[in-house]
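Asker: Sharing entry27.txt, compact mmCIF, C-alpha atoms and all ligand atoms:
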# COMPACT_ATOMS: atom_id res chain seq x y z
CA MET I 1 15.07 2.83 -18.09
CA ASP I 2 17.83 1.65 -15.79
CA ILE I 3 17.29 -1.95 -14.78
CA LYS I 4 18.42 -1.26 -11.22
CA LEU I 5 15.26 0.78 -10.80
CA ILE I 6 13.17 -2.34 -11.34
CA ASN I 7 14.67 -4.69 -8.78
CA PRO I 8 13.23 -2.90 -5.74
CA PHE I 9 9.72 -3.26 -7.21
CA ILE I 10 10.28 -6.97 -7.83
CA SER I 11 11.51 -7.69 -4.33
CA SER I 12 8.74 -5.54 -2.82
CA THR I 13 6.11 -7.49 -4.75
CA ILE I 14 7.42 -10.75 -3.30
CA THR I 15 7.55 -9.30 0.22
CA VAL I 16 4.08 -7.75 0.10
CA LEU I 17 2.41 -10.95 -1.11
CA GLN I 18 4.30 -13.09 1.35
CA THR I 19 3.67 -10.81 4.32
CA THR I 20 0.08 -9.77 3.79
CA ALA I 21 -1.29 -12.85 2.02
CA GLN I 22 1.14 -15.66 2.84
CA LEU I 23 1.61 -16.43 -0.87
CA ASP I 24 4.98 -17.32 -2.38
CA ALA I 25 5.46 -15.61 -5.70
CA GLU I 26 8.24 -16.91 -7.87
CA ARG I 27 9.70 -14.41 -10.32
CA GLY I 28 10.01 -15.26 -13.98
CA LYS I 29 11.89 -13.45 -16.77
CA LEU I 30 11.54 -9.74 -17.51
CA PHE I 31 10.06 -8.82 -20.86
CA MET I 32 9.20 -5.68 -22.77
CA LYS I 33 5.51 -5.11 -22.92
CA THR I 34 3.73 -5.27 -26.25
CA GLU I 35 0.09 -4.86 -27.25
CA ASP I 36 -0.76 -8.50 -26.70
CA SER I 37 1.93 -9.67 -24.30
CA HIS I 38 -0.38 -10.47 -21.40
CA LYS I 39 -3.86 -9.88 -20.06
CA SER I 40 -5.40 -9.73 -16.58
CA ASP I 41 -8.70 -9.37 -14.77
CA ILE I 42 -7.85 -6.76 -12.14
CA SER I 43 -4.99 -4.27 -11.88
CA GLY I 44 -3.85 -1.87 -9.18
CA VAL I 45 -1.99 1.14 -10.55
CA ILE I 46 0.08 3.75 -8.70
CA GLY I 47 1.49 6.85 -10.36
CA VAL I 48 4.95 7.90 -9.27
CA MET I 49 6.71 11.23 -9.62
CA GLY I 50 10.28 12.18 -8.81
CA LYS I 51 13.46 12.07 -10.89
CA PHE I 52 11.31 9.86 -13.06
CA VAL I 53 7.64 9.82 -13.88
CA GLY I 54 5.34 6.94 -14.72
CA SER I 55 3.45 4.16 -13.05
CA ILE I 56 3.71 0.85 -11.29
CA SER I 57 0.96 -1.69 -11.89
CA ILE I 58 0.25 -5.08 -10.50
CA SER I 59 -2.19 -7.19 -12.50
CA PHE I 60 -3.87 -10.40 -11.38
CA PRO I 61 -6.12 -13.05 -12.86
CA LYS I 62 -9.34 -13.34 -10.88
CA ASN I 63 -8.43 -16.53 -8.97
CA ILE I 64 -5.20 -15.09 -7.59
CA ALA I 65 -6.78 -11.72 -6.75
CA LEU I 66 -9.52 -13.43 -4.73
CA LYS I 67 -6.98 -15.59 -2.92
CA VAL I 68 -4.78 -12.58 -2.08
CA VAL I 69 -7.69 -10.64 -0.65
CA SER I 70 -9.13 -13.60 1.23
CA ASN I 71 -5.77 -14.29 2.87
CA MET I 72 -5.23 -10.61 3.66
CA LEU I 73 -8.49 -10.64 5.56
CA GLY I 74 -7.60 -13.75 7.53
CA GLY I 75 -9.22 -16.36 5.31
CA MET I 76 -12.55 -14.69 4.69
CA GLU I 77 -14.57 -16.26 1.88
CA ILE I 78 -14.76 -14.00 -1.17
CA GLU I 79 -16.98 -14.81 -4.12
CA GLY I 80 -16.14 -12.36 -6.84
CA ILE I 81 -14.50 -9.08 -7.67
CA ASP I 82 -16.45 -6.63 -5.50
CA ASP I 83 -15.56 -3.30 -3.92
CA SER I 84 -13.57 -4.92 -1.15
CA VAL I 85 -11.43 -6.80 -3.68
CA LYS I 86 -10.86 -3.63 -5.71
CA ASP I 87 -9.87 -1.79 -2.57
CA ALA I 88 -7.48 -4.52 -1.45
CA ILE I 89 -5.74 -4.78 -4.83
CA GLY I 90 -5.30 -0.99 -4.83
CA GLU I 91 -3.72 -1.25 -1.40
CA VAL I 92 -1.43 -4.08 -2.58
CA ALA I 93 -0.19 -1.78 -5.38
CA ASN I 94 0.26 1.00 -2.83
CA MET I 95 2.32 -1.24 -0.57
CA VAL I 96 4.51 -2.48 -3.44
CA ALA I 97 5.22 1.06 -4.67
CA GLY I 98 5.68 2.27 -1.08
CA ALA I 99 8.10 -0.47 -0.05
CA ALA I 100 10.14 0.06 -3.23
CA LYS I 101 10.15 3.79 -2.51
CA THR I 102 12.01 3.19 0.70
CA LYS I 103 14.65 1.14 -1.11
CA LEU I 104 15.01 3.57 -4.02
CA ALA I 105 15.27 6.58 -1.70
CA GLY I 106 18.35 4.85 -0.28
CA ILE I 107 20.08 5.08 -3.69
CA GLY I 108 19.02 8.63 -4.47
CA TYR I 109 15.74 8.11 -6.31
CA SER I 110 13.05 9.64 -4.14
CA TYR I 111 9.54 9.87 -5.49
CA THR I 112 6.01 10.54 -4.38
CA LEU I 113 3.12 8.14 -4.81
CA SER I 114 -0.35 8.80 -6.16
CA ILE I 115 -3.51 7.34 -4.67
CA PRO I 116 -4.15 3.88 -6.18
CA THR I 117 -6.38 3.40 -9.21
CA VAL I 118 -7.96 0.01 -9.82
CA ILE I 119 -8.93 -1.28 -13.25
CA CYS I 120 -11.22 -4.29 -13.66
CA GLY I 121 -12.41 -6.21 -16.66
CA ASP I 122 -11.91 -9.80 -17.67
CA GLY I 123 -8.83 -10.11 -19.85
CA HIS I 124 -7.99 -6.40 -19.92
CA HIS I 125 -4.75 -4.89 -21.12
CA LEU I 126 -3.21 -1.70 -19.69
CA SER I 127 -2.00 0.96 -22.08
CA PHE I 128 0.53 3.66 -21.29
CA PRO I 129 1.42 6.89 -23.02
CA LYS I 130 3.72 6.63 -26.00
CA GLY I 131 7.31 7.27 -25.06
CA ILE I 132 7.21 5.31 -21.85
CA GLN I 133 8.42 1.75 -22.28
CA SER I 134 6.80 -0.65 -19.87
CA ILE I 135 8.83 -3.54 -18.51
CA VAL I 136 6.96 -6.55 -17.19
CA MET I 137 7.97 -9.09 -14.59
CA PRO I 138 5.77 -12.19 -14.54
CA PHE I 139 5.41 -14.07 -11.26
CA ASN I 140 4.07 -17.53 -10.68
CA ILE I 141 2.14 -18.77 -7.69
CA LYS I 142 2.24 -22.53 -7.48
CA ASP I 143 -0.98 -24.23 -8.63
CA MET I 144 -2.64 -20.84 -9.21
CA GLY I 145 -1.03 -19.28 -12.25
CA ASP I 146 0.75 -16.08 -13.17
CA PHE I 147 0.40 -12.43 -12.30
CA TYR I 148 2.33 -9.42 -13.55
CA LEU I 149 4.19 -6.41 -12.29
CA GLU I 150 4.57 -3.60 -14.80
CA VAL I 151 7.07 -0.84 -14.31
CA ALA I 152 6.65 2.04 -16.76
CA LEU I 153 9.01 4.86 -15.89
CA LYS I 154 10.64 7.67 -17.78
CA MET I 155 13.60 9.61 -16.41
CA LEU I 156 13.03 13.36 -16.36
CA LYS I 157 15.77 15.60 -17.70
CA GLU I 158 17.68 17.29 -14.88
CA MET G 159 -10.37 3.73 25.36
CA LYS G 160 -11.57 5.29 22.12
CA PHE G 161 -9.66 4.85 18.85
CA LEU G 162 -9.69 6.72 15.56
CA VAL G 163 -8.54 4.75 12.51
CA ALA G 164 -7.87 6.75 9.33
CA ASP G 165 -6.96 4.95 6.10
CA ASP G 166 -8.35 5.32 2.57
CA SER G 167 -8.24 1.56 2.13
CA SER G 168 -11.27 -0.18 3.62
CA THR G 169 -9.26 -3.42 3.63
CA MET G 170 -6.54 -1.83 5.73
CA ARG G 171 -9.12 -0.32 8.10
CA ARG G 172 -10.68 -3.75 8.47
CA ILE G 173 -7.31 -5.32 9.29
CA ILE G 174 -6.52 -2.61 11.85
CA VAL G 175 -9.99 -2.73 13.41
CA ASN G 176 -9.83 -6.55 13.62
CA SER G 177 -6.47 -6.30 15.38
CA LEU G 178 -7.82 -3.75 17.85
CA ASN G 179 -10.88 -5.95 18.46
CA ALA G 180 -8.62 -8.92 19.11
CA LEU G 181 -6.89 -6.82 21.75
CA GLY G 182 -10.25 -6.11 23.36
CA HIS G 183 -10.81 -2.60 21.98
CA THR G 184 -14.18 -2.02 20.40
CA ASP G 185 -14.75 1.74 20.68
CA ILE G 186 -13.44 2.70 17.24
CA VAL G 187 -14.30 5.45 14.75
CA GLU G 188 -13.17 5.06 11.15
CA ALA G 189 -12.28 7.74 8.61
CA GLU G 190 -11.44 7.41 4.89
CA ASP G 191 -9.09 10.37 4.72
CA GLY G 192 -7.47 13.07 6.82
CA ALA G 193 -10.33 15.53 6.39
CA GLU G 194 -12.89 13.06 7.71
CA ALA G 195 -10.52 12.06 10.50
CA LEU G 196 -10.09 15.67 11.56
CA LYS G 197 -13.86 15.98 12.06
CA ASN G 198 -13.85 12.94 14.33
CA THR G 199 -11.14 13.58 16.90
CA THR G 200 -13.44 14.55 19.78
CA GLY G 201 -13.07 12.23 22.75
CA VAL G 202 -10.49 10.08 20.99
CA ASP G 203 -7.68 8.65 23.14
CA PHE G 204 -5.61 7.08 20.40
CA ILE G 205 -5.14 7.91 16.72
CA LEU G 206 -3.96 5.45 14.06
CA THR G 207 -3.44 7.01 10.63
CA ASP G 208 -2.24 6.18 7.15
CA TRP G 209 -0.05 8.69 5.29
CA ASN G 210 -1.05 8.37 1.62
CA MET G 211 -4.75 9.33 1.48
CA PRO G 212 -6.81 11.53 -0.87
CA ASN G 213 -8.27 14.94 0.12
CA MET G 214 -6.07 15.37 3.17
CA ASP G 215 -3.02 13.17 3.67
CA GLY G 216 -1.92 11.75 6.99
CA LEU G 217 0.88 14.21 7.60
CA THR G 218 -1.37 17.22 7.06
CA PHE G 219 -3.90 15.63 9.38
CA VAL G 220 -1.26 15.08 12.08
CA LYS G 221 -0.10 18.70 11.82
CA ALA G 222 -3.70 19.91 12.18
CA VAL G 223 -4.27 17.75 15.25
CA ARG G 224 -1.03 18.91 16.86
CA GLU G 225 -1.99 22.58 16.54
CA LYS G 226 -4.41 22.05 19.39
CA ASP G 227 -3.53 18.71 20.91
CA LYS G 228 0.02 17.81 21.83
CA LYS G 229 -0.87 14.77 23.89
CA THR G 230 -3.02 12.17 22.15
CA PRO G 231 -0.75 9.38 20.86
CA ILE G 232 -0.66 9.21 17.06
CA VAL G 233 0.54 6.05 15.34
CA MET G 234 1.40 6.39 11.65
CA ILE G 235 0.67 3.13 9.78
CA THR G 236 2.17 3.51 6.34
CA THR G 237 4.31 2.20 3.50
CA GLU G 238 6.35 5.42 3.67
CA ALA G 239 9.42 4.22 5.52
CA ALA G 240 12.30 6.16 3.96
CA LYS G 241 14.43 7.73 6.69
CA ASP G 242 13.43 11.27 5.73
CA ASP G 243 9.74 10.38 5.83
CA VAL G 244 10.00 8.89 9.31
CA ILE G 245 11.94 11.94 10.55
CA THR G 246 9.38 14.30 9.01
CA ALA G 247 6.52 12.41 10.62
CA ILE G 248 8.09 12.37 14.05
CA LYS G 249 9.07 16.03 13.87
CA ASN G 250 5.46 16.83 13.18
CA GLY G 251 4.12 14.97 16.17
CA VAL G 252 3.76 11.30 15.26
CA THR G 253 4.51 9.22 18.35
CA ASN G 254 4.89 5.73 16.82
CA TYR G 255 5.49 4.32 13.40
CA ILE G 256 4.30 1.01 11.91
CA VAL G 257 5.46 0.11 8.41
CA LYS G 258 3.23 -1.70 5.90
CA PRO G 259 3.24 -4.50 4.85
CA PHE G 260 2.79 -6.54 8.02
CA THR G 261 1.23 -9.82 9.05
CA MET G 262 -1.84 -9.53 11.28
CA ASP G 263 0.14 -11.04 14.15
CA THR G 264 2.92 -8.46 13.86
CA LEU G 265 0.39 -5.66 13.74
CA LYS G 266 -1.38 -6.96 16.81
CA ALA G 267 1.88 -7.35 18.72
CA LYS G 268 3.02 -3.85 17.78
CA LEU G 269 -0.29 -2.27 18.67
CA GLU G 270 -0.41 -4.07 21.96
CA LYS G 271 3.03 -2.76 22.90
CA ILE G 272 2.22 0.79 21.83
CA ILE G 273 -1.18 0.97 23.52
CA LYS G 274 0.19 -0.15 26.90
MG MG H 1 -3.46 4.89 1.76
In structure tokens, what does this structure look like?

Answerer:
Amino acid sequence: MDIKLINPFISSTITVLQTTAQLDAERGKLFMKTEDSHKSDISGVIGVMGKFVGSISISFPKNIALKVVSNMLGGMEIEGIDDSVKDAIGEVANMVAGAAKTKLAGIGYSYTLSIPTVICGDGHHLSFPKGIQSIVMPFNIKDMGDFYLEVALKMLKE
Amino acid sequence: MKFLVADDSSTMRRIIVNSLNALGHTDIVEAEDGAEALKNTTGVDFILTDWNMPNMDGLTFVKAVREKDKKTPIVMITTEAAKDDVITAIKNGVTNYIVKPFTMDTLKAKLEKIIK
């Protein structure tokens, strides 16, 4: 997978969190995903389809997910991962994939987005089909911990 | 003035409804997708719709509305902001475009301007 395909997703993640939840996410170092590379409590996943096929996921630990959703809703108190949190994390994934879409369309990589899927479970790990390498960008939010963006794309033959 | 807000995300609907409320508008119907929105257009003065929704997407919904109604303002509130997408939306009858993500203040300001 061409690394230039990943940058738009990274910058969109930072923009979406900053704009909708007023949280500053600091990017870390890209790594190739392995079976036990990282775990999360809630993930928003968007399928993409164009010159490439695959998915974009954004995975949070519970504390960050709750903070994101609370801030999105103007500081509303949120106690645990309920339907409104699942919905909001799905919409965060949608906005990240959508904002990156605009940037990638500008360099000739148009794609369509699926409806978001949300996966919950303390300490879960996402698995992707064999043959699609997933690249992970960790982000840190000061005093809160890390969350992860996973880009798993495969170019289709022309 | 009566508003119709269509978005599959309940969070996004809440944010849009809160912004409308803050602007003094309380007569609002909500829909989770284009199909539900299409059933709820009667008496609506202003339509706010997402693009990416299950069952019937926003663009299909807009086209269906425009078959009978050329007038009611339709604001597309979406992440889809590639030039071609915006052109497609406007060609099919969308009157204003608001790109996600936004802060609540920006959304309010944009809505206020559009509704005037
Ligand atoms: Mg949507």

Asker: Taking all atoms listed in the file into account, which residues are within 8 Å of ligand MG 1 (chain H), as a ChimeraX atom specification?

Answerer: /I:91,94,115 /G:165-167,208-212,236

Asker: Got time to write the residues from that selection, C-alpha atoms, as a PDB file, in the coordinates of the input?

Answerer:
ATOM      1  CA  GLU I  91      -3.720  -1.250  -1.400  1.00  0.00           C
ATOM      2  CA  ASN I  94       0.260   1.000  -2.830  1.00  0.00           C
ATOM      3  CA  ILE I 115      -3.510   7.340  -4.670  1.00  0.00           C
TER       4      ILE I 115
ATOM      5  CA  ASP G 165      -6.960   4.950   6.100  1.00  0.00           C
ATOM      6  CA  ASP G 166      -8.350   5.320   2.570  1.00  0.00           C
ATOM      7  CA  SER G 167      -8.240   1.560   2.130  1.00  0.00           C
ATOM      8  CA  ASP G 208      -2.240   6.180   7.150  1.00  0.00           C
ATOM      9  CA  TRP G 209      -0.050   8.690   5.290  1.00  0.00           C
ATOM     10  CA  ASN G 210      -1.050   8.370   1.620  1.00  0.00           C
ATOM     11  CA  MET G 211      -4.750   9.330   1.480  1.00  0.00           C
ATOM     12  CA  PRO G 212      -6.810  11.530  -0.870  1.00  0.00           C
ATOM     13  CA  THR G 236       2.170   3.510   6.340  1.00  0.00           C
TER      14      THR G 236
END

Asker: Provide as a PyMOL selection string the residues of chain G at most 7 Å from chain I, counting all atoms listed in the file.

Answerer: chain G and resi 167-169+173+210-212+237-240+258-261

Asker: Taking (-10.8, -15.2, -4.3) in the coordinates of the supplied file, I want to know which residues reach to within 9 Å of it, counting all atoms listed in the file; could you give the answer as a list in words?

Answerer: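 Residues satisfying the cut-off, written out: Lys62, Asn63, Ile64, Ala65, Leu66, Lys67, Val68, Val69, Ser70, Asn71, Glu77, Ile78, Glu79, Gly80, Ile81 and Val85 of chain I.
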
Asker: Take the residues from that selection and write them out as an mmCIF file, in the coordinates of the input, keeping C-alpha atoms.

Answerer:
data_model
loop_
_atom_site.group_PDB
_atom_site.id
_atom_site.type_symbol
_atom_site.label_atom_id
_atom_site.label_comp_id
_atom_site.auth_asym_id
_atom_site.auth_seq_id
_atom_site.Cartn_x
_atom_site.Cartn_y
_atom_site.Cartn_z
ATOM 1 C CA LYS I 62 -9.340 -13.340 -10.880
ATOM 2 C CA ASN I 63 -8.430 -16.530 -8.970
ATOM 3 C CA ILE I 64 -5.200 -15.090 -7.590
ATOM 4 C CA ALA I 65 -6.780 -11.720 -6.750
ATOM 5 C CA LEU I 66 -9.520 -13.430 -4.730
ATOM 6 C CA LYS I 67 -6.980 -15.590 -2.920
ATOM 7 C CA VAL I 68 -4.780 -12.580 -2.080
ATOM 8 C CA VAL I 69 -7.690 -10.640 -0.650
ATOM 9 C CA SER I 70 -9.130 -13.600 1.230
ATOM 10 C CA ASN I 71 -5.770 -14.290 2.870
ATOM 11 C CA GLU I 77 -14.570 -16.260 1.880
ATOM 12 C CA ILE I 78 -14.760 -14.000 -1.170
ATOM 13 C CA GLU I 79 -16.980 -14.810 -4.120
ATOM 14 C CA GLY I 80 -16.140 -12.360 -6.840
ATOM 15 C CA ILE I 81 -14.500 -9.080 -7.670
ATOM 16 C CA VAL I 85 -11.430 -6.800 -3.680
#

Asker: What is the atom CA of Leu269 of chain G-atom CA of Asp185 of chain G distance in Å, reported with one decimal?

Answerer: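 Separation between atom CA of Leu269 of chain G and atom CA of Asp185 of chain G: 15.1 Å.
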
Asker: List the spatial neighbours of Lys142 of chain I as an MDAnalysis selection string - criterion: any atom at most 12 Å away, all atoms listed in the file, same-chain residues fewer than 4 positions off excluded.

Answerer: chainID I and resid 23:27 64 146:147

Asker: Measure the distance from atom CA of Leu178 of chain G to atom CA of Gly75 of chain I in Å and round it to one decimal.

Answerer: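 Between atom CA of Leu178 of chain G and atom CA of Gly75 of chain I the gap is 17.8 Å.
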
Asker: Kindly extract all protein, DNA and RNA residues lying within 10 Å of the coordinates (8.2, -13.3, -9.6) given in the file, considering all atoms listed in the file, and supply them as a PyMOL selection string.

Answerer: chain I and resi 10-11+13-14+24-30+137-141+146-149

Asker: Place N, CA and C atoms on segment 207-219 of chain G and deliver the coordinates as a PDB file, keeping the file's coordinate frame.

Answerer:
ATOM      1  N   THR G 207      -3.192   6.434  11.951  1.00  0.00           N
ATOM      2  CA  THR G 207      -3.440   7.010  10.630  1.00  0.00           C
ATOM      3  C   THR G 207      -2.455   6.563   9.564  1.00  0.00           C
ATOM      4  N   ASP G 208      -3.002   6.436   8.370  1.00  0.00           N
ATOM      5  CA  ASP G 208      -2.240   6.180   7.150  1.00  0.00           C
ATOM      6  C   ASP G 208      -1.591   7.501   6.731  1.00  0.00           C
ATOM      7  N   TRP G 209      -0.662   7.452   5.818  1.00  0.00           N
ATOM      8  CA  TRP G 209      -0.050   8.690   5.290  1.00  0.00           C
ATOM      9  C   TRP G 209      -0.676   9.045   3.943  1.00  0.00           C
ATOM     10  N   ASN G 210      -0.603   8.097   2.988  1.00  0.00           N
ATOM     11  CA  ASN G 210      -1.050   8.370   1.620  1.00  0.00           C
ATOM     12  C   ASN G 210      -2.568   8.209   1.503  1.00  0.00           C
ATOM     13  N   MET G 211      -3.273   9.342   1.569  1.00  0.00           N
ATOM     14  CA  MET G 211      -4.750   9.330   1.480  1.00  0.00           C
ATOM     15  C   MET G 211      -5.184  10.514   0.612  1.00  0.00           C
ATOM     16  N   PRO G 212      -6.317  10.395  -0.070  1.00  0.00           N
ATOM     17  CA  PRO G 212      -6.810  11.530  -0.870  1.00  0.00           C
ATOM     18  C   PRO G 212      -7.363  12.647   0.031  1.00  0.00           C
ATOM     19  N   ASN G 213      -7.684  13.766  -0.562  1.00  0.00           N
ATOM     20  CA  ASN G 213      -8.270  14.940   0.120  1.00  0.00           C
ATOM     21  C   ASN G 213      -7.334  15.577   1.140  1.00  0.00           C
ATOM     22  N   MET G 214      -7.068  14.863   2.228  1.00  0.00           N
ATOM     23  CA  MET G 214      -6.070  15.370   3.170  1.00  0.00           C
ATOM     24  C   MET G 214      -5.202  14.179   3.553  1.00  0.00           C
ATOM     25  N   ASP G 215      -3.881  14.307   3.341  1.00  0.00           N
ATOM     26  CA  ASP G 215      -3.020  13.170   3.670  1.00  0.00           C
ATOM     27  C   ASP G 215      -2.754  13.102   5.167  1.00  0.00           C
ATOM     28  N   GLY G 216      -2.119  12.007   5.570  1.00  0.00           N
ATOM     29  CA  GLY G 216      -1.920  11.750   6.990  1.00  0.00           C
ATOM     30  C   GLY G 216      -1.048  12.786   7.678  1.00  0.00           C
ATOM     31  N   LEU G 217      -0.028  13.253   6.977  1.00  0.00           N
ATOM     32  CA  LEU G 217       0.880  14.210   7.600  1.00  0.00           C
ATOM     33  C   LEU G 217       0.175  15.544   7.866  1.00  0.00           C
ATOM     34  N   THR G 218      -0.605  15.992   6.886  1.00  0.00           N
ATOM     35  CA  THR G 218      -1.370  17.220   7.060  1.00  0.00           C
ATOM     36  C   THR G 218      -2.355  17.078   8.215  1.00  0.00           C
ATOM     37  N   PHE G 219      -2.971  15.924   8.289  1.00  0.00           N
ATOM     38  CA  PHE G 219      -3.900  15.630   9.380  1.00  0.00           C
ATOM     39  C   PHE G 219      -3.193  15.705  10.743  1.00  0.00           C
TER      40      PHE G 219
END
